[in-house]
Structures are given as C-alpha cells and as structure tokens.
Amino acid sequence: MAEVALKSIKCAKVGKKQSTCCYLVLSETGLPRLDFTYRDGNGDQLTLQCENITAIDLRVEAKFGSIEAMKGTLLVECSVLQTRSPTIETTSNNNSARPSSEKSSKSCLVQGTFHVNETGAVRDLLRKLRSNHLSSKLDKTVSQPNNPQISPKHYKEGLPSWVQFIPHYIYSKRTRQCIQLAIYIYLVFSIMWALWQLYRYVDVIREFVRPLIDLFQYQYQLLDYVIQFLNTLFEEYTIQWLCFIKPLCTVTAVMSAPLLQILGQLGLVLRMVIQIVTSSCALLWPLVRPVLNVGYQLAYFLFTVIRALKNTLVQLWLPFSDISVPTIIGTYFKAGKNMLWALWHGLGQAQLDPIKAQLVIVRTTVIHSGKAVGLGMMRLGRKIYKFVWLRRSAQAEKEE
C-alpha cells in the first residue's frame with residue numbers, strides 16, 4: 001500500500017484538519033480511488049474515500065523572498081465517502097462497535113498539503129492512480145463492448161487557481177463548470193470588443209476590413225442586423241466602461257492591496273490575542289471556578305428568598321383585594337362622575353350678556369388704537385428731531 005504523509009486535509013465534511021497522522025493512501029486493490037486518512041479528537045481513524053474522480057491538480061507554491069519552506073498542494077475533485085474506524089481501546093470497551101460510513105452524492109473538492117520533499121512520491125502515486133483508472137475503463141469496455149457510455153476517459157489534469165476561493169460547502173463540478181463558462185464568455189466578449197475598437201479607431205484596419213464587411217452585409221441580411229446590434233452594444237459598453245467600470249477597477253486595484261495587508265496584520269494580531277486570552281483563561285479557570293460557584297449559589301439563594309417573600313405578600317394581600325380595592329375605586333369614580341356632571345350642567349345654564357360683550361370689545365379696540373397712535377406720534381417726533389438736529393449741525397459746519 002503506497003502512502004504519503006500530509007500536513008493538513010481540507011474538505012467540506014471535515015473543515016480543515018491539521019494533524020501529524022494525515023496520510024494520502026492508494027489502495028492495492030487496483031481501484032481508481034484515493035484515501036485521505038487522519039485521526040480526530042477522540043482518537044478514531046477517519047478515512048475520506050475519493051471515488052468518481054474527475055479532476056486532479058498538483059502544484060508547488062512558494063512566496064518570493066519568504067524564509068518558510070515551500071508547500072505542496074494536491075486538489076482532488078471527487079465524490080467523498082467518509083468512514084470511521086474505532087481505535088483498539090474503543091473496540092475493547094464496546095465489542096459491537098462497527099465502522100460507520102457516510103456517502104456524499106455530489107462532487108466536492110478535497111485539498112491536501114504536504115512538504116515539498118514529498119512531491120516525487122505524490123507524483124508517482126498519481127501516476128499509479130491514472131494507470132488503475134485506464135485499466136478499469138478498458139476492462140469495462142472489453143466486458144461491455146456495445147455500451148457507448150463506457151470509454152477510457154482521462155482525468156482532467158490541472159484546475160484553475162481560483163477554485164481554492166470557492167467555499168467548500170457549495171463547491172461542485174457543476175459550480176466550477178458554470179464559473180469557467182462565465183469566464184470564457186467574458187473572455188470572448190472582451191476579444192470581440194477589442195477588435196471592434198481597432199476597427200472603429202484605427203484607420204488602416206478599418207480601410208482593410210471594410211470591403212469584406214460590406215460584402216457580407218450585402219450577401220446576408222441577418223448578418224447586417226447582427227453587426228448593427230454588436231455595434232450598438234459595444235458603443236454602450238465603451239461608455240459604461242469609461243464612466244463606471246474603469247474608475248471602479250482602478251480604485252479597487254489601488255486600495256485592495258493595502259486593505260488586504262492591513263486585514264492580514266489584524267488577523268495575525270487577533271489570532272495572537274485569542275491565543276493569549278484562551279491560555280490565560282485556561283490558567284485562571286481553576287482559580288475563578290470556585291468564586292463563580294459561590295456567586296451562583298448566592299444568587300440562587302437570593303432568588304429563592306425573593307420568590308418566597310413575593311408569595312407571602314401575595315397571600316397576605318389576597319383577603320383585602322376583593323373588598324377594599326374595588327370599594328375605594330368605586331368611590332373615587334362616583335365622586336369624579338358627579339363633579340363632571342355638575343360642571344356640565346353649570347355651563348349649560350349660564351347665559352352671556354350680548355351688550356356687555358360688545359362693550360368689552362369696544363373698550364379693547366379703543367385701548368389698542370390709543371396705544372398705536374401714541375407709539376406712532378413718538379416715532380414721528382423722534383424722526384423730526386433727528387432731521388432738525390442733522391440740519392443744524394450741517395449749517396454749523398458750513399459757517400465754521
């Protein structure tokens with residue numbers, strides 16, 4: 001059985017598992033299957049059986065100028081069958097324990113990292129896997145020659161670099177193919193847009209290609225409509241590109257690198273703080289735990305005392321609640337009702353004297369008019385005095 005030691009395993013089922021007991025195994029049964037084995041927190045050995053493999057990518061990565069060792073990465077696109085094998089202690093305690101399995105119907109991405117020294121071993125293991133795959137396909141073709149669905153297809157070798165950024169819980173072969181199709185469509189559209197710009201703004205190319213386009217437009221009426229539609233589409237896209245997309249891409253390209261660097265530094269600092277806090281809590285927990293237990297017991301005792309006092313007061317107030325409270329409320333309600341009724345009747349019986357009301361209005365009008373006339377005379381006198389004073393002062397200046 002060929003196996004290679006791994007640093008970590010990442011999959012939608014297990015998240016990210018880092019352990020010293022991670023291995024990549026190729027079984028000797030001749031089946032085209034890879035197994036990723038590791039141990040969980042309980043000491044059980046878990047195996048991810050990668051079946052129906054559709055794509056494999058093997059790469060070696062290293063940061064320029066980094067003093068860290070290079071890292072190898074293996075990406076496998078397959079359907080995963082997870083099996084659990086109990087340890088010896090568990091099986092001795094429970095003789096009826098059996099390996100359990102869980103099947104994943106859709107394809108997912110399994111990522112394994114290894115030391116760069118293991119690159120040759122991983123490459124040899126993948127070559128054996130490819131030979132097993134071809135032999136199994138050939139055996140099926142020989143056994144069922146009339147079945148056109150069976151053909152010795154090869155694995156897809158190499159995956160795009162952006163597949164690592166797709167969340168593992170939504171990754172599938174269809175998702176990758178849809179994203180690749182969208183990228184290809186945008187690539188073809190960009191090439192056609194670039195050719196249209198050359199034809200539109202470069203005179204030499206336009207004069208060289210124009211007779212050919214006129215010929216096609218004359219021969220095929222549908223092609224004329226297509227050319228007009230593409231011309232309108234590319235003109236509108238050029239306007240939107242210059243107005244919105246290009247400035248947005250420029251701002252994003254300028255600000256993304258510093259922002260990502262700052263977020264990376266903050267992530268490291270936050271990780272260090274979390275480690276310090278967790279280690280401190282682990283050290284202080286034996287000291288704080290008795291205090292918390294005492295506080296919990298005291299709070300529970302106070303809650304019990306308050307609840308007992310509440311029940312006692314309710315029992316003491318219960319005999320008086322049916323007699324005193326309704327009587328007092330009824331008395332105050334009747335007194336308020338009688339007062340409002342007397343006030344309403346008093347307003348209904350009162351009558352106003354119209355002559356007296358007119359005299360009051362006349363008096364108010366005369367008083368306001370007198371005030372207005374007095375204020376107007378005072379303002380007019382001030383203006384006259386000011387005018388005469390200014391005139392006299394001007395004459396005095398002339399005489400001097």
# chains A, B, ... in the order shown; residues from 1 in each chain; ligands from 1
$ residues_around --residues "region 111-121 of chain A" --least-positions-apart "6" --cutoff "12 Å" --atoms "only C-alpha atoms" --output "ChimeraX atom specification"
/A:2-20,22-26,34-38,48,50,56-62,68-78,127-128,159,163-165,168
$ closest_residue --among "A:Ser280, A:Leu302, A:Arg176, A:Gly43" --to "Ser161 (chain A)" --atoms "only C-alpha atoms"
A:Arg176
$ atom_distance --atom1 "CA of Leu31 (chain A)" --atom2 "CA of Tyr155 (chain A)"
14.5 Å
$ select_by_dssp --residues "region 103-342 of chain A" --states "strand (DSSP E or B)" --output "MDAnalysis selection string"
chainID A and resid 103 108:115 156:157
$ write_last_selection --atoms "all heavy atoms" --output "JSON list (two decimals), in the first residue's frame"
[["chain", "number", "residue", "atom", "x", "y", "z"],
["A", 103, "LYS", "N", -22.09, 8.74, 2.91],
["A", 103, "LYS", "CA", -21.88, 8.92, 1.48],
["A", 103, "LYS", "C", -22.23, 10.34, 1.08],
["A", 103, "LYS", "O", -23.22, 10.91, 1.53],
["A", 103, "LYS", "CB", -22.74, 7.93, 0.69],
["A", 103, "LYS", "CG", -22.62, 8.03, -0.83],
["A", 103, "LYS", "CD", -21.27, 7.58, -1.33],
["A", 103, "LYS", "CE", -21.20, 7.59, -2.85],
["A", 103, "LYS", "NZ", -19.90, 7.22, -3.36],
["A", 108, "CYS", "N", -17.22, 17.16, -4.62],
["A", 108, "CYS", "CA", -16.67, 18.21, -3.77],
["A", 108, "CYS", "C", -15.17, 18.28, -4.01],
["A", 108, "CYS", "O", -14.61, 17.50, -4.80],
["A", 108, "CYS", "CB", -16.98, 17.96, -2.29],
["A", 108, "CYS", "SG", -16.27, 16.45, -1.65],
["A", 109, "LEU", "N", -14.52, 19.20, -3.35],
["A", 109, "LEU", "CA", -13.09, 19.42, -3.51],
["A", 109, "LEU", "C", -12.37, 19.04, -2.23],
["A", 109, "LEU", "O", -12.71, 19.54, -1.15],
["A", 109, "LEU", "CB", -12.81, 20.89, -3.86],
["A", 109, "LEU", "CG", -11.37, 21.24, -4.23],
["A", 109, "LEU", "CD1", -11.02, 20.60, -5.58],
["A", 109, "LEU", "CD2", -11.18, 22.74, -4.31],
["A", 110, "VAL", "N", -11.38, 18.17, -2.35],
["A", 110, "VAL", "CA", -10.55, 17.75, -1.22],
["A", 110, "VAL", "C", -9.16, 18.32, -1.45],
["A", 110, "VAL", "O", -8.57, 18.14, -2.52],
["A", 110, "VAL", "CB", -10.49, 16.22, -1.09],
["A", 110, "VAL", "CG1", -9.65, 15.84, 0.12],
["A", 110, "VAL", "CG2", -11.89, 15.64, -0.98],
["A", 111, "GLN", "N", -8.66, 19.03, -0.45],
["A", 111, "GLN", "CA", -7.35, 19.68, -0.55],
["A", 111, "GLN", "C", -6.41, 19.12, 0.51],
["A", 111, "GLN", "O", -6.76, 19.07, 1.69],
["A", 111, "GLN", "CB", -7.49, 21.19, -0.37],
["A", 111, "GLN", "CG", -6.17, 21.94, -0.40],
["A", 111, "GLN", "CD", -6.36, 23.44, -0.20],
["A", 111, "GLN", "OE1", -7.47, 23.94, -0.20],
["A", 111, "GLN", "NE2", -5.28, 24.16, -0.02],
["A", 112, "GLY", "N", -5.25, 18.67, 0.07],
["A", 112, "GLY", "CA", -4.24, 18.17, 0.98],
["A", 112, "GLY", "C", -2.92, 18.88, 0.76],
["A", 112, "GLY", "O", -2.51, 19.09, -0.38],
["A", 113, "THR", "N", -2.27, 19.30, 1.84],
["A", 113, "THR", "CA", -0.98, 19.97, 1.76],
["A", 113, "THR", "C", 0.10, 19.04, 2.31],
["A", 113, "THR", "O", -0.13, 18.29, 3.27],
["A", 113, "THR", "CB", -0.99, 21.28, 2.56],
["A", 113, "THR", "OG1", -1.31, 21.01, 3.92],
["A", 113, "THR", "CG2", -2.02, 22.25, 1.98],
["A", 114, "PHE", "N", 1.28, 19.10, 1.70],
["A", 114, "PHE", "CA", 2.38, 18.22, 2.09],
["A", 114, "PHE", "C", 3.70, 18.98, 1.95],
["A", 114, "PHE", "O", 3.75, 20.06, 1.33],
["A", 114, "PHE", "CB", 2.40, 16.95, 1.22],
["A", 114, "PHE", "CG", 2.41, 17.23, -0.25],
["A", 114, "PHE", "CD1", 3.58, 17.38, -0.96],
["A", 114, "PHE", "CD2", 1.21, 17.34, -0.95],
["A", 114, "PHE", "CE1", 3.58, 17.64, -2.31],
["A", 114, "PHE", "CE2", 1.20, 17.60, -2.31],
["A", 114, "PHE", "CZ", 2.39, 17.75, -3.00],
["A", 115, "HIS", "N", 4.73, 18.41, 2.53],
["A", 115, "HIS", "CA", 6.06, 19.02, 2.42],
["A", 115, "HIS", "C", 6.59, 18.84, 1.01],
["A", 115, "HIS", "O", 6.28, 17.88, 0.31],
["A", 115, "HIS", "CB", 7.02, 18.38, 3.44],
["A", 115, "HIS", "CG", 8.27, 19.18, 3.66],
["A", 115, "HIS", "ND1", 9.41, 18.99, 2.91],
["A", 115, "HIS", "CD2", 8.55, 20.17, 4.55],
["A", 115, "HIS", "CE1", 10.34, 19.83, 3.32],
["A", 115, "HIS", "NE2", 9.85, 20.56, 4.32],
["A", 156, "LYS", "N", -9.10, 15.11, -15.70],
["A", 156, "LYS", "CA", -8.74, 16.49, -16.02],
["A", 156, "LYS", "C", -7.54, 16.86, -15.16],
["A", 156, "LYS", "O", -7.64, 16.90, -13.94],
["A", 156, "LYS", "CB", -9.91, 17.44, -15.76],
["A", 156, "LYS", "CG", -9.58, 18.90, -15.99],
["A", 156, "LYS", "CD", -10.77, 19.78, -15.74],
["A", 156, "LYS", "CE", -10.39, 21.26, -15.83],
["A", 156, "LYS", "NZ", -9.83, 21.62, -17.14],
["A", 157, "GLU", "N", -6.44, 17.12, -15.80],
["A", 157, "GLU", "CA", -5.20, 17.44, -15.08],
["A", 157, "GLU", "C", -5.06, 18.96, -15.01],
["A", 157, "GLU", "O", -4.96, 19.63, -16.03],
["A", 157, "GLU", "CB", -3.99, 16.82, -15.79],
["A", 157, "GLU", "CG", -4.03, 15.30, -15.81],
["A", 157, "GLU", "CD", -2.79, 14.73, -16.46],
["A", 157, "GLU", "OE1", -1.92, 15.53, -16.88],
["A", 157, "GLU", "OE2", -2.70, 13.49, -16.57]]
$ residues_around --residues "region 227-243 of chain A" --least-positions-apart "4" --cutoff "8 Å" --atoms "only C-alpha atoms" --output "number ranges by chain"
A: 193, 196, 223, 247
$ write_last_selection --atoms "N, CA, C and O atoms" --output "CSV table (one decimal), in the first residue's frame"
chain,number,residue,atom,x,y,z
A,193,TRP,N,-14.7,42.9,-28.3
A,193,TRP,CA,-14.8,44.4,-28.1
A,193,TRP,C,-13.5,45.0,-28.4
A,193,TRP,O,-13.4,46.1,-29.0
A,196,TRP,N,-13.4,45.3,-32.2
A,196,TRP,CA,-14.3,46.4,-32.6
A,196,TRP,C,-13.6,47.8,-32.4
A,196,TRP,O,-13.8,48.7,-33.2
A,223,LEU,N,-26.8,39.0,-41.1
A,223,LEU,CA,-25.6,39.5,-40.7
A,223,LEU,C,-25.5,41.0,-40.5
A,223,LEU,O,-24.9,41.5,-39.6
A,247,PRO,N,-13.0,53.4,-13.6
A,247,PRO,CA,-12.6,54.0,-12.4
A,247,PRO,C,-12.8,53.1,-11.2
A,247,PRO,O,-12.0,53.1,-10.2
$ atom_distance --atom1 "CA of Glu28 (chain A)" --atom2 "CA of Ser135 (chain A)"
13.7 Å
$ atom_distance --atom1 "CA of Leu187 (chain A)" --atom2 "CA of Ala253 (chain A)"
19.8 Å
